[in-house]
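Pasted below: data_3.txt, compact mmCIF, C-alpha atoms.
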```
# COMPACT_ATOMS: atom_id res chain seq x y z
CA MET X 1246 -49.42 -0.78 -16.54
CA ALA X 1247 -46.20 -2.40 -17.70
CA VAL X 1248 -43.99 -0.39 -20.03
CA THR X 1249 -43.57 -1.74 -23.58
CA GLU X 1250 -40.85 -1.45 -26.20
CA ALA X 1251 -43.17 0.83 -28.20
CA ASP X 1252 -43.40 3.13 -25.17
CA VAL X 1253 -39.62 3.27 -24.92
CA ARG X 1254 -39.16 4.03 -28.61
CA SER X 1255 -41.79 6.76 -28.37
CA ALA X 1256 -39.85 8.34 -25.48
CA LEU X 1257 -36.62 8.14 -27.48
CA ASP X 1258 -38.32 9.90 -30.39
CA GLY X 1259 -38.13 13.08 -28.32
CA VAL X 1260 -34.36 12.80 -27.79
CA THR X 1261 -32.37 14.76 -30.37
CA LEU X 1262 -28.87 13.81 -31.52
CA PRO X 1263 -26.21 16.45 -32.33
CA ASP X 1264 -27.12 16.26 -36.05
CA GLY X 1265 -30.77 17.09 -35.27
CA GLU X 1266 -32.14 13.60 -35.90
CA SER X 1267 -34.21 11.89 -33.22
CA LEU X 1268 -32.57 8.94 -31.47
CA ALA X 1269 -35.52 6.65 -32.28
CA ALA X 1270 -35.37 7.45 -36.00
CA SER X 1271 -31.59 7.21 -36.26
CA GLY X 1272 -31.48 3.43 -36.35
CA ARG X 1273 -28.87 3.43 -33.60
CA VAL X 1274 -31.05 1.70 -30.98
CA SER X 1275 -29.93 -1.88 -31.43
CA LYS X 1276 -31.60 -3.56 -28.45
CA ILE X 1277 -34.17 -2.80 -25.76
CA THR X 1278 -34.48 -5.04 -22.70
CA ILE X 1279 -37.33 -4.60 -20.19
CA ASN X 1280 -37.28 -6.54 -16.92
CA ASP X 1281 -39.25 -5.78 -13.74
CA GLY X 1282 -39.29 -2.03 -14.26
CA ARG X 1283 -35.66 -1.85 -15.45
CA VAL X 1284 -35.13 -0.72 -19.02
CA ILE X 1285 -31.77 -1.16 -20.75
CA CYS X 1286 -31.19 0.25 -24.23
CA ILE X 1287 -28.13 -0.36 -26.37
CA VAL X 1288 -27.18 2.45 -28.75
CA ALA X 1289 -24.61 1.80 -31.48
CA VAL X 1290 -22.01 4.54 -31.96
CA ASP X 1291 -18.62 5.06 -33.53
CA ALA X 1292 -15.92 5.14 -30.86
CA SER X 1293 -15.05 8.75 -31.76
CA GLU X 1294 -18.65 9.86 -31.09
CA SER X 1295 -18.98 8.68 -27.50
CA ARG X 1296 -18.14 12.04 -25.92
CA ALA X 1297 -20.38 14.05 -28.26
CA LEU X 1298 -23.32 11.71 -27.64
CA GLU X 1299 -23.05 11.76 -23.85
CA PRO X 1300 -25.71 14.56 -23.46
CA ALA X 1301 -28.10 12.56 -25.65
CA ARG X 1302 -27.44 9.44 -23.57
CA VAL X 1303 -28.29 11.32 -20.36
CA ALA X 1304 -31.41 12.82 -21.96
CA ALA X 1305 -32.52 9.40 -23.18
CA GLU X 1306 -32.19 7.87 -19.71
CA ALA X 1307 -34.24 10.73 -18.26
CA ALA X 1308 -36.95 10.37 -20.94
CA ILE X 1309 -37.35 6.64 -20.32
CA ALA X 1310 -37.25 7.06 -16.54
CA ARG X 1311 -40.30 9.35 -16.77
CA LEU X 1312 -42.42 6.58 -18.29
CA PRO X 1313 -45.01 5.03 -15.93
CA GLY X 1314 -43.81 1.69 -14.61
CA VAL X 1315 -40.09 2.38 -15.10
CA ASP X 1316 -37.97 2.16 -11.94
CA ARG X 1317 -34.57 2.58 -13.60
CA ALA X 1318 -33.34 3.33 -17.11
CA LEU X 1319 -29.88 2.63 -18.48
CA ILE X 1320 -28.50 3.59 -21.87
CA GLY X 1321 -25.35 1.77 -23.00
CA LEU X 1322 -23.24 3.14 -25.86
CA LYS X 1323 -21.81 0.25 -27.85
CA PRO X 1324 -18.93 1.16 -30.20
CA ASN X 1325 -18.96 -0.52 -33.58
CA VAL X 1326 -15.86 -2.62 -32.87
CA THR X 1327 -15.41 -6.33 -32.32
CA PRO X 1328 -14.31 -7.14 -28.75
CA GLY X 1329 -10.86 -8.64 -28.72
CA ALA X 1330 -10.06 -7.59 -32.31
CA PRO X 1331 -6.60 -6.09 -32.84
CA ARG X 1332 -6.80 -2.32 -32.74
CA SER X 1333 -5.69 -0.17 -35.64
CA GLY X 1334 -1.96 0.38 -35.61
CA ALA X 1335 -1.34 -2.21 -32.90
CA ALA X 1336 2.04 -3.87 -32.91
CA PRO X 1337 2.07 -7.51 -34.02
CA ALA X 1338 2.24 -10.16 -31.33
CA SER X 1339 5.69 -11.16 -30.20
CA PRO X 1340 7.03 -14.21 -32.06
CA ARG X 1341 8.01 -15.66 -28.69
CA ALA X 1342 4.42 -15.99 -27.49
CA ALA X 1343 1.49 -16.41 -29.84
CA VAL X 1344 -2.18 -17.23 -29.55
CA LYS X 1345 -3.01 -20.19 -31.73
CA GLY X 1346 -6.67 -20.87 -32.40
CA ARG X 1347 -8.97 -22.03 -29.66
CA ALA X 1348 -8.49 -24.43 -26.84
CA THR X 1349 -9.31 -28.00 -27.65
CA THR X 1350 -11.97 -27.84 -24.93
CA ALA X 1351 -13.92 -24.79 -23.85
CA PRO X 1352 -13.38 -23.47 -20.33
CA MET X 1353 -15.77 -25.15 -17.90
CA ALA X 1354 -18.62 -22.84 -16.94
CA LEU X 1355 -19.59 -22.17 -13.34
CA THR X 1356 -22.99 -23.67 -12.65
CA GLY X 1357 -25.54 -20.96 -11.94
CA VAL X 1358 -23.24 -18.04 -12.83
CA LYS X 1359 -24.40 -16.10 -15.91
CA HIS X 1360 -21.47 -13.71 -16.41
CA ILE X 1361 -17.91 -13.52 -15.09
CA VAL X 1362 -16.31 -10.07 -15.36
CA ALA X 1363 -12.63 -9.49 -14.62
CA VAL X 1364 -11.39 -6.17 -13.24
CA SER X 1365 -7.81 -5.65 -14.31
CA SER X 1366 -5.03 -3.08 -14.14
CA GLY X 1367 -1.59 -2.92 -15.68
CA LYS X 1368 -0.01 -1.88 -12.37
CA GLY X 1369 -0.78 -1.70 -8.67
CA GLY X 1370 -1.87 1.36 -6.76
CA VAL X 1371 -4.57 2.55 -9.15
CA GLY X 1372 -7.51 1.59 -6.91
CA LYS X 1373 -8.51 -1.54 -8.82
CA SER X 1374 -9.77 -3.41 -5.74
CA THR X 1375 -11.83 -0.44 -4.56
CA VAL X 1376 -13.36 -0.17 -8.03
CA SER X 1377 -14.03 -3.95 -8.03
CA CYS X 1378 -15.81 -3.75 -4.68
CA ASN X 1379 -17.98 -0.79 -5.61
CA LEU X 1380 -18.63 -2.15 -9.11
CA ALA X 1381 -20.03 -5.32 -7.55
CA LEU X 1382 -22.22 -3.20 -5.28
CA GLY X 1383 -23.24 -1.13 -8.30
CA PHE X 1384 -24.51 -4.30 -9.99
CA ALA X 1385 -26.42 -5.22 -6.82
CA ALA X 1386 -27.98 -1.73 -6.73
CA GLN X 1387 -29.71 -2.65 -9.98
CA GLY X 1388 -31.32 -5.71 -8.44
CA LEU X 1389 -28.76 -8.22 -9.69
CA LYS X 1390 -27.38 -11.19 -7.76
CA VAL X 1391 -23.65 -10.64 -7.41
CA GLY X 1392 -20.50 -12.30 -6.10
CA ILE X 1393 -16.87 -11.23 -6.03
CA LEU X 1394 -13.74 -13.39 -6.14
CA ASP X 1395 -10.57 -11.81 -4.81
CA ALA X 1396 -7.97 -13.30 -7.14
CA ASP X 1397 -5.17 -11.07 -5.84
CA ILE X 1398 -3.44 -13.79 -3.85
CA TYR X 1399 -0.45 -11.69 -2.82
CA GLY X 1400 -2.47 -8.66 -1.75
CA PRO X 1401 -6.09 -9.61 -0.95
CA SER X 1402 -8.15 -6.49 -0.21
CA GLN X 1403 -11.78 -7.55 -0.43
CA PRO X 1404 -12.13 -8.77 3.21
CA LYS X 1405 -11.07 -5.30 4.41
CA LEU X 1406 -13.21 -3.47 1.86
CA PHE X 1407 -16.33 -5.46 2.79
CA GLY X 1408 -15.60 -5.45 6.54
CA LEU X 1409 -15.46 -9.25 6.69
CA SER X 1410 -13.38 -11.52 8.89
CA GLY X 1411 -13.34 -15.14 9.99
CA LYS X 1412 -13.26 -18.27 7.88
CA PRO X 1413 -15.83 -19.57 5.37
CA ARG X 1414 -18.09 -22.40 6.51
CA GLN X 1415 -17.12 -25.79 5.10
CA ILE X 1416 -20.23 -27.32 3.51
CA ASP X 1417 -18.57 -30.65 2.78
CA ALA X 1418 -15.09 -32.00 2.14
CA GLN X 1419 -14.86 -30.21 -1.20
CA THR X 1420 -17.08 -27.12 -0.95
CA MET X 1421 -16.94 -23.83 0.96
CA GLU X 1422 -19.70 -21.33 1.53
CA PRO X 1423 -18.74 -17.77 0.53
CA MET X 1424 -18.86 -15.01 3.09
CA GLU X 1425 -21.49 -12.32 2.54
CA ALA X 1426 -21.77 -8.58 3.15
CA PHE X 1427 -24.18 -5.97 1.77
CA GLY X 1428 -25.85 -8.71 -0.29
CA ILE X 1429 -22.59 -9.64 -2.08
CA LYS X 1430 -21.08 -13.13 -1.88
CA VAL X 1431 -17.34 -12.81 -1.28
CA MET X 1432 -14.44 -15.27 -1.47
CA SER X 1433 -10.79 -14.38 -0.82
CA ILE X 1434 -7.56 -16.03 0.23
CA GLY X 1435 -7.64 -13.41 2.99
CA PHE X 1436 -10.28 -15.52 4.75
CA LEU X 1437 -8.04 -18.59 4.75
CA VAL X 1438 -4.67 -17.24 5.93
CA GLU X 1439 -3.52 -14.91 8.69
CA GLU X 1440 -3.73 -11.22 7.78
CA ASP X 1441 0.00 -10.56 8.28
CA LEU X 1442 1.19 -13.77 6.60
CA ALA X 1443 3.41 -13.23 3.54
CA MET X 1444 2.17 -15.34 0.61
CA ILE X 1445 5.48 -16.74 -0.66
CA TRP X 1446 3.91 -19.07 -3.20
CA ARG X 1447 5.08 -20.14 -6.63
CA GLY X 1448 2.84 -20.07 -9.70
CA PRO X 1449 1.36 -23.60 -9.50
CA MET X 1450 0.32 -23.11 -5.86
CA VAL X 1451 -1.31 -19.78 -6.68
CA ILE X 1452 -3.25 -21.20 -9.63
CA SER X 1453 -4.39 -24.16 -7.53
CA ALA X 1454 -5.65 -21.83 -4.77
CA ILE X 1455 -7.59 -19.65 -7.21
CA THR X 1456 -9.10 -22.68 -8.95
CA GLN X 1457 -10.37 -23.96 -5.60
CA MET X 1458 -11.79 -20.56 -4.61
CA LEU X 1459 -13.53 -20.32 -7.97
CA ARG X 1460 -14.87 -23.85 -8.40
CA ASN X 1461 -15.10 -25.29 -4.87
CA VAL X 1462 -17.37 -22.51 -3.61
CA ALA X 1463 -21.17 -22.64 -3.43
CA TRP X 1464 -21.81 -19.43 -5.37
CA GLY X 1465 -25.42 -20.33 -6.06
CA HIS X 1466 -27.25 -18.43 -8.80
CA LEU X 1467 -25.47 -15.21 -9.76
CA ASP X 1468 -26.08 -12.70 -12.53
CA VAL X 1469 -22.48 -11.48 -12.27
CA LEU X 1470 -19.32 -12.76 -10.61
CA VAL X 1471 -16.72 -9.98 -10.42
CA VAL X 1472 -13.09 -11.20 -10.35
CA ASP X 1473 -10.59 -8.79 -8.79
CA PHE X 1474 -7.46 -9.67 -10.78
CA PRO X 1475 -4.00 -8.97 -9.36
CA PRO X 1476 -2.14 -6.15 -11.13
CA GLY X 1477 0.02 -6.94 -14.13
CA THR X 1478 -0.05 -9.65 -16.79
CA GLY X 1479 1.19 -12.84 -15.15
CA ASP X 1480 0.27 -16.46 -14.50
CA ILE X 1481 -3.03 -15.73 -12.76
CA GLN X 1482 -4.48 -13.63 -15.57
CA LEU X 1483 -3.37 -16.03 -18.31
CA SER X 1484 -4.57 -19.13 -16.47
CA MET X 1485 -7.97 -17.63 -15.69
CA ALA X 1486 -8.39 -16.48 -19.28
CA GLN X 1487 -7.72 -20.05 -20.44
CA GLN X 1488 -9.74 -21.89 -17.81
CA THR X 1489 -12.65 -19.52 -17.11
CA PRO X 1490 -15.38 -18.37 -19.52
CA LEU X 1491 -14.86 -14.64 -18.97
CA SER X 1492 -17.66 -12.51 -20.42
CA GLY X 1493 -15.27 -9.56 -20.53
CA ALA X 1494 -12.92 -7.34 -18.60
CA VAL X 1495 -12.87 -3.81 -17.20
CA VAL X 1496 -9.47 -2.08 -17.09
CA VAL X 1497 -8.78 0.49 -14.34
CA SER X 1498 -6.14 3.19 -14.74
CA THR X 1499 -5.25 6.55 -13.29
CA PRO X 1500 -4.88 9.42 -15.79
CA GLN X 1501 -1.11 9.90 -15.84
CA ASP X 1502 1.08 8.58 -18.63
CA ILE X 1503 3.07 6.17 -16.43
CA ALA X 1504 -0.13 4.33 -15.46
CA LEU X 1505 -1.52 4.35 -18.99
CA ILE X 1506 1.63 2.69 -20.33
CA ASP X 1507 0.99 -0.26 -18.03
CA ALA X 1508 -2.74 -0.21 -18.80
CA ARG X 1509 -1.90 -0.64 -22.50
CA ARG X 1510 0.06 -3.77 -21.62
CA GLY X 1511 -2.95 -5.15 -19.77
CA ILE X 1512 -5.22 -4.37 -22.72
CA ALA X 1513 -2.78 -6.03 -25.11
CA MET X 1514 -2.83 -9.16 -22.95
CA LEU X 1515 -6.64 -9.24 -23.02
CA GLU X 1516 -6.56 -8.97 -26.81
CA LYS X 1517 -4.09 -11.83 -27.10
CA VAL X 1518 -6.20 -14.16 -24.98
CA ASN X 1519 -9.42 -13.10 -26.74
CA VAL X 1520 -11.18 -11.61 -23.71
CA PRO X 1521 -13.63 -8.83 -24.74
CA LEU X 1522 -12.71 -5.45 -23.29
CA LEU X 1523 -15.88 -3.99 -21.77
CA GLY X 1524 -14.31 -0.60 -21.15
CA ILE X 1525 -11.81 1.57 -19.28
CA VAL X 1526 -12.33 3.39 -15.97
CA GLU X 1527 -10.32 6.47 -15.01
CA ASN X 1528 -9.83 6.32 -11.24
CA MET X 1529 -8.51 9.22 -9.10
CA SER X 1530 -9.55 11.46 -11.96
CA SER X 1531 -9.63 14.72 -9.98
CA PHE X 1532 -9.57 16.01 -6.40
CA CYS X 1533 -11.93 18.60 -4.93
CA CYS X 1534 -10.53 20.27 -1.82
CA PRO X 1535 -13.10 19.88 1.00
CA THR X 1536 -12.07 23.27 2.46
CA CYS X 1537 -12.05 25.61 -0.55
CA ASN X 1538 -13.74 23.44 -3.23
CA HIS X 1539 -10.80 23.98 -5.60
CA VAL X 1540 -10.51 21.10 -8.07
CA SER X 1541 -6.97 19.82 -8.68
CA MET X 1542 -5.90 17.32 -11.33
CA ILE X 1543 -3.31 15.59 -9.15
CA PHE X 1544 -2.62 12.79 -11.61
CA GLY X 1545 -3.63 14.71 -14.73
CA HIS X 1546 -7.07 14.29 -16.26
CA GLY X 1547 -8.67 12.66 -19.27
CA GLY X 1548 -5.82 10.29 -20.09
CA ALA X 1549 -7.94 7.14 -19.81
CA ARG X 1550 -10.75 8.68 -21.87
CA ALA X 1551 -8.29 9.63 -24.62
CA GLU X 1552 -6.80 6.13 -24.50
CA ALA X 1553 -10.26 4.55 -24.84
CA GLU X 1554 -11.07 6.74 -27.84
CA GLN X 1555 -7.75 5.88 -29.46
CA LEU X 1556 -8.31 2.15 -28.95
CA GLY X 1557 -11.96 2.29 -30.03
CA VAL X 1558 -13.31 0.87 -26.77
CA PRO X 1559 -15.94 2.22 -24.35
CA PHE X 1560 -14.90 4.78 -21.76
CA LEU X 1561 -16.95 3.85 -18.70
CA GLY X 1562 -16.43 6.96 -16.60
CA GLU X 1563 -14.36 8.92 -14.11
CA VAL X 1564 -14.10 8.32 -10.37
CA PRO X 1565 -12.62 11.22 -8.37
CA LEU X 1566 -9.97 10.98 -5.68
CA ASP X 1567 -11.88 11.61 -2.47
CA MET X 1568 -11.31 11.17 1.25
CA ARG X 1569 -14.75 9.64 1.70
CA ILE X 1570 -13.96 6.78 -0.67
CA ARG X 1571 -10.77 6.09 1.27
CA GLU X 1572 -12.51 6.32 4.66
CA THR X 1573 -15.40 4.02 3.74
CA SER X 1574 -13.01 1.53 2.13
CA ASP X 1575 -10.77 1.40 5.21
CA SER X 1576 -13.76 1.03 7.54
CA GLY X 1577 -15.34 -1.84 5.60
CA ALA X 1578 -18.40 0.24 4.73
CA PRO X 1579 -18.04 0.76 0.95
CA LEU X 1580 -19.55 3.94 -0.45
CA VAL X 1581 -22.07 2.41 -2.85
CA ALA X 1582 -23.56 0.36 0.01
CA THR X 1583 -23.57 3.05 2.71
CA ALA X 1584 -24.13 6.27 0.72
CA PRO X 1585 -25.68 5.18 -2.59
CA ASP X 1586 -27.08 8.64 -3.39
CA SER X 1587 -23.72 10.40 -3.09
CA HIS X 1588 -22.05 11.79 -6.19
CA HIS X 1589 -19.16 9.35 -5.97
CA ALA X 1590 -21.39 6.30 -5.43
CA GLN X 1591 -23.46 7.30 -8.45
CA ALA X 1592 -20.27 7.28 -10.53
CA PHE X 1593 -19.69 3.61 -9.62
CA ILE X 1594 -23.36 2.73 -10.18
CA GLY X 1595 -23.26 4.39 -13.60
CA ILE X 1596 -20.18 2.37 -14.55
CA ALA X 1597 -21.89 -0.84 -13.41
CA GLY X 1598 -24.93 0.08 -15.50
CA GLN X 1599 -22.85 0.49 -18.62
CA VAL X 1600 -21.03 -2.80 -18.06
CA TRP X 1601 -24.31 -4.65 -17.50
CA ALA X 1602 -25.77 -3.04 -20.62
CA ALA X 1603 -22.76 -4.28 -22.62
CA LEU X 1604 -23.24 -7.80 -21.25
CA MET X 1605 -26.95 -7.70 -22.07
CA SER X 1606 -26.21 -6.52 -25.62
CA GLY X 1607 -24.75 -9.87 -26.50
CA GLY X 1608 -21.40 -10.06 -24.78
CA VAL X 1609 -20.68 -13.66 -25.74
CA VAL X 1610 -18.78 -15.96 -23.45
CA ARG X 1611 -15.88 -17.04 -25.65
CA PRO X 1612 -13.73 -20.14 -25.40
CA ALA X 1613 -10.23 -19.04 -24.48
CA PRO X 1614 -7.38 -19.60 -26.92
CA ARG X 1615 -4.49 -21.96 -26.39
CA ILE X 1616 -1.30 -20.13 -25.43
CA VAL X 1617 1.74 -21.61 -27.18
CA ILE X 1618 5.31 -20.54 -26.47
CA GLU X 1619 7.37 -20.79 -29.64
```
Final structure tokens representation of the file:
Amino acid sequence: MAVTEADVRSALDGVTLPDGESLAASGRVSKITINDGRVICIVAVDASESRALEPARVAAEAAIARLPGVDRALIGLKPNVTPGAPRSGAAPASPRAAVKGRATTAPMALTGVKHIVAVSSGKGGVGKSTVSCNLALGFAAQGLKVGILDADIYGPSQPKLFGLSGKPRQIDAQTMEPMEAFGIKVMSIGFLVEEDLAMIWRGPMVISAITQMLRNVAWGHLDVLVVDFPPGTGDIQLSMAQQTPLSGAVVVSTPQDIALIDARRGIAMLEKVNVPLLGIVENMSSFCCPTCNHVSMIFGHGGARAEAEQLGVPFLGEVPLDMRIRETSDSGAPLVATAPDSHHAQAFIGIAGQVWAALMSGGVVRPAPRIVIE
């Protein structure tokens, strides 16, 4: 027998919030989506409550998962903030570069692609590409159709991460067929140039290459296209924000202050170009010694969570620093695909679940603004 919304609400009636009220009676459940045994619930919270409500979120997922006919349950916490709105206390935009209204024409959608999600970082070396790869696989683990575009022209990593080589098949004079691994459609400049070739390209050439890889590729029907942005806040990010209907962005940072400073710049850029921030991921959050099991906070701990709470945006989770993640990434056998039940793979899958829940809660594809230099 198929599960109903009434069944889900009845299960949530047994989940108690910190104030003693049941989750079902609290009025916080803003949306319930049921699709082929997958149940996604959106729970409205204040940004400052997200940590305190985490036990209730876990209990709610478990309660729904026990219902007959449910294969997977996901609870997404949605802060009561408007994506892209200036955060409290944020510095005003520089008078040298301002966002003025909307573009005269909306960015052209990709036929058959429901959502485009950018994965961004303020600086390199924080594991953004590894997170992008495993996030895409995390979406696929939930039965979604997924592709990934490697937009990091100067340092393409996705061919290595997915264990792919060779060149895409040319369908016709204008269209390429993406490569595929582990059920994910993949496109990267790494397929089109020699591995050791230095990409000494100026901005217009880079933008042209990315536009072709985005629009001259037979992506087919996708629920999510993940875009692995290059680090920083340059031409590629601005051009894609203007020309592509991004559903939102995920920002990856390590916990230490030096990385968070750059992450703030990336978040500020997303705000200026009106791209909804879906949340922040803390990568390399801790390290557990495989010999003695001692946990070390090599880069500190909790910095990204604190930053998310300060900005009033979702904190999507922590991914530890682990040799297995490095080994599977180097070997082209990403962890979520080859060891989906492992603790670290479940961290990526949980992050993907929260991002998908945010998209399902009404993450609207927004026309990008027009960037004017004054």
Å distance separating atom CA of X:Ser1271 from atom CA of X:Thr1249, one decimal place: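 Separation between atom CA of X:Ser1271 and atom CA of X:Thr1249: 19.6 Å.
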Excluding same-chain residues fewer than 6 positions from X:Arg1283, what lies within 9 Å of it counting only C-alpha atoms, as a count of residues only? 7
Could you give me, as an MDAnalysis selection string, the residues within 9 Å of X:Phe1560, counting only C-alpha atoms and dropping anything in the same chain fewer than 2 positions from it? chainID X and resid 1295:1296 1523:1527 1549:1554 1558 1562:1563
Which residues of stretch 1488-1561 of chain X sit at most 12 Å from stretch 1601-1605 of chain X, using all atoms listed in the file? Give each one's shortest atom pair and distance in Å (one decimal place), in chain and ascending residue order, as CSV.
```
residue,atom,partner,partner_atom,distance
X:Leu1491,CA,X:Leu1604,CA,11.1
X:Ser1492,CA,X:Leu1604,CA,7.3
X:Gly1493,CA,X:Leu1604,CA,8.2
X:Ala1494,CA,X:Leu1604,CA,10.7
X:Val1495,CA,X:Ala1603,CA,11.3
X:Pro1521,CA,X:Leu1604,CA,10.3
X:Leu1522,CA,X:Ala1603,CA,10.1
X:Leu1523,CA,X:Ala1603,CA,6.9
X:Gly1524,CA,X:Ala1603,CA,9.3
X:Val1558,CA,X:Ala1603,CA,11.5
X:Pro1559,CA,X:Ala1603,CA,9.6
X:Leu1561,CA,X:Ala1603,CA,10.7
```
Can you list every residue of stretch 1354-1433 of chain X that has an atom at most 7 Å from stretch 1457-1476 of chain X, with its nearest atom pair and the distance in Å to one decimal, using all atoms listed in the file, ordered by chain then number, as a Markdown table?
```
| residue | atom | partner | partner_atom | distance |
| --- | --- | --- | --- | --- |
| X:Gly1357 | CA | X:His1466 | CA | 4.4 |
| X:Val1358 | CA | X:Leu1467 | CA | 4.7 |
| X:Lys1359 | CA | X:Asp1468 | CA | 5.1 |
| X:His1360 | CA | X:Val1469 | CA | 4.8 |
| X:Ile1361 | CA | X:Leu1470 | CA | 4.8 |
| X:Val1362 | CA | X:Val1471 | CA | 5.0 |
| X:Ala1363 | CA | X:Val1472 | CA | 4.6 |
| X:Val1364 | CA | X:Asp1473 | CA | 5.2 |
| X:Ser1365 | CA | X:Phe1474 | CA | 5.4 |
| X:Ser1366 | CA | X:Pro1476 | CA | 5.2 |
| X:Gly1367 | CA | X:Pro1476 | CA | 5.6 |
| X:Lys1368 | CA | X:Pro1476 | CA | 4.9 |
| X:Gly1369 | CA | X:Pro1476 | CA | 5.3 |
| X:Ser1374 | CA | X:Asp1473 | CA | 6.2 |
| X:Ser1377 | CA | X:Asp1473 | CA | 6.0 |
| X:Ala1381 | CA | X:Val1471 | CA | 6.4 |
| X:Leu1389 | CA | X:Asp1468 | CA | 5.9 |
| X:Lys1390 | CA | X:Leu1467 | CA | 4.9 |
| X:Val1391 | CA | X:Val1469 | CA | 5.1 |
| X:Gly1392 | CA | X:Leu1470 | CA | 4.7 |
| X:Ile1393 | CA | X:Val1471 | CA | 4.6 |
| X:Leu1394 | CA | X:Val1472 | CA | 4.8 |
| X:Asp1395 | CA | X:Asp1473 | CA | 5.0 |
| X:Ala1396 | CA | X:Phe1474 | CA | 5.2 |
| X:Asp1397 | CA | X:Pro1475 | CA | 4.3 |
| X:Gln1419 | CA | X:Asn1461 | CA | 6.1 |
| X:Thr1420 | CA | X:Asn1461 | CA | 4.8 |
| X:Met1421 | CA | X:Val1462 | CA | 4.8 |
| X:Glu1422 | CA | X:Ala1463 | CA | 5.3 |
| X:Pro1423 | CA | X:Val1462 | CA | 6.4 |
| X:Met1432 | CA | X:Met1458 | CA | 6.7 |
```
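Our summary of the geometry notes that atom CA of X:Leu1409 is positioned 18.7 Å from atom CA of X:Lys1373.
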For X:Leu1505, which residue among X:Gln1591, X:Thr1278, X:Asn1528, X:Asn1538 is the nearest when counting all atoms listed in the file?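 Looking only at the distances to X:Leu1505, the closest residue turns out to be X:Asn1528.
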Distance in Å - atom CA of X:Ala1310 versus atom CA of X:Asp1586: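 Rounded to one decimal, the two atoms are 16.7 Å apart.
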Shell around X:Ala1307 at 10 Å using all atoms listed in the file, local window under 3 positions removed, as a PyMOL selection string: chain X and resi 1256-1257+1260+1301-1304+1310-1312+1317-1320
Return the single residue from X:Leu1298, X:Gly1548, X:Ser1410, X:Pro1490 that is closest to X:Ala1508, with distances computed using only C-alpha atoms. X:Gly1548
Please, which residues are within 10 Å of (-14.0, 9.4, -9.5) by the file's coordinates, counting all atoms listed in the file, and could they come as a CSV table (one decimal) with C-alpha atoms, in the coordinates of the input?
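Final file, selection_11.csv:
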```
chain,number,residue,atom,x,y,z
X,1376,VAL,CA,-13.4,-0.2,-8.0
X,1499,THR,CA,-5.2,6.6,-13.3
X,1526,VAL,CA,-12.3,3.4,-16.0
X,1527,GLU,CA,-10.3,6.5,-15.0
X,1528,ASN,CA,-9.8,6.3,-11.2
X,1529,MET,CA,-8.5,9.2,-9.1
X,1530,SER,CA,-9.6,11.5,-12.0
X,1531,SER,CA,-9.6,14.7,-10.0
X,1532,PHE,CA,-9.6,16.0,-6.4
X,1562,GLY,CA,-16.4,7.0,-16.6
X,1563,GLU,CA,-14.4,8.9,-14.1
X,1564,VAL,CA,-14.1,8.3,-10.4
X,1565,PRO,CA,-12.6,11.2,-8.4
X,1566,LEU,CA,-10.0,11.0,-5.7
X,1567,ASP,CA,-11.9,11.6,-2.5
X,1570,ILE,CA,-14.0,6.8,-0.7
X,1588,HIS,CA,-22.0,11.8,-6.2
X,1589,HIS,CA,-19.2,9.4,-6.0
X,1590,ALA,CA,-21.4,6.3,-5.4
X,1591,GLN,CA,-23.5,7.3,-8.4
X,1592,ALA,CA,-20.3,7.3,-10.5
X,1593,PHE,CA,-19.7,3.6,-9.6
```
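You can rank X:Val1274, X:Pro1263, X:Ala1297, X:Phe1384 by their closest distance to X:Ala1597 using only C-alpha atoms, and at the top of that list sits X:Phe1384.
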Extract, using all atoms listed in the file, all DNA, RNA and protein residues at most 10 Å from X:Ile1434, discarding same-chain residues fewer than 6 positions from it, and format them as a PyMOL selection string. chain X and resi 1394-1404+1412+1440+1444+1454-1455+1458
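A distance cut-off of 6 Å around (-19.5, -5.3, 4.3), counting all atoms listed in the file, selects these protein and nucleic acid residues: Phe1407, Gly1408, Ala1426, Phe1427, Gly1577 and Ala1578 of chain X.
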Writing out the chosen residues with C-alpha atoms as a PDB file, in the frame of the given file:
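Heads up, here's the output in result.pdb:
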```pdb
ATOM      1  CA  PHE X1407     -16.330  -5.460   2.790  1.00  0.00           C
ATOM      2  CA  GLY X1408     -15.600  -5.450   6.540  1.00  0.00           C
ATOM      3  CA  ALA X1426     -21.770  -8.580   3.150  1.00  0.00           C
ATOM      4  CA  PHE X1427     -24.180  -5.970   1.770  1.00  0.00           C
ATOM      5  CA  GLY X1577     -15.340  -1.840   5.600  1.00  0.00           C
ATOM      6  CA  ALA X1578     -18.400   0.240   4.730  1.00  0.00           C
TER       7      ALA X1578
END
```
Rebuild N, CA and C atoms on stretch 1530-1534 of chain X, as a short mmCIF file (atom, residue, chain, number, x, y, z; two decimals), keeping the file's coordinate frame?
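Result file is out21.cif:
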```
data_model
loop_
_atom_site.label_atom_id
_atom_site.label_comp_id
_atom_site.auth_asym_id
_atom_site.auth_seq_id
_atom_site.Cartn_x
_atom_site.Cartn_y
_atom_site.Cartn_z
N SER X 1530 -9.53 10.57 -10.81
CA SER X 1530 -9.55 11.46 -11.96
C SER X 1530 -9.31 12.92 -11.60
N SER X 1531 -9.81 13.35 -10.44
CA SER X 1531 -9.63 14.72 -9.98
C SER X 1531 -9.81 14.76 -8.48
N PHE X 1532 -9.43 15.87 -7.85
CA PHE X 1532 -9.57 16.01 -6.40
C PHE X 1532 -10.17 17.38 -6.08
N CYS X 1533 -11.28 17.36 -5.35
CA CYS X 1533 -11.93 18.60 -4.93
C CYS X 1533 -11.59 18.85 -3.46
N CYS X 1534 -10.92 19.94 -3.19
CA CYS X 1534 -10.53 20.27 -1.82
C CYS X 1534 -11.77 20.47 -0.96
#
```
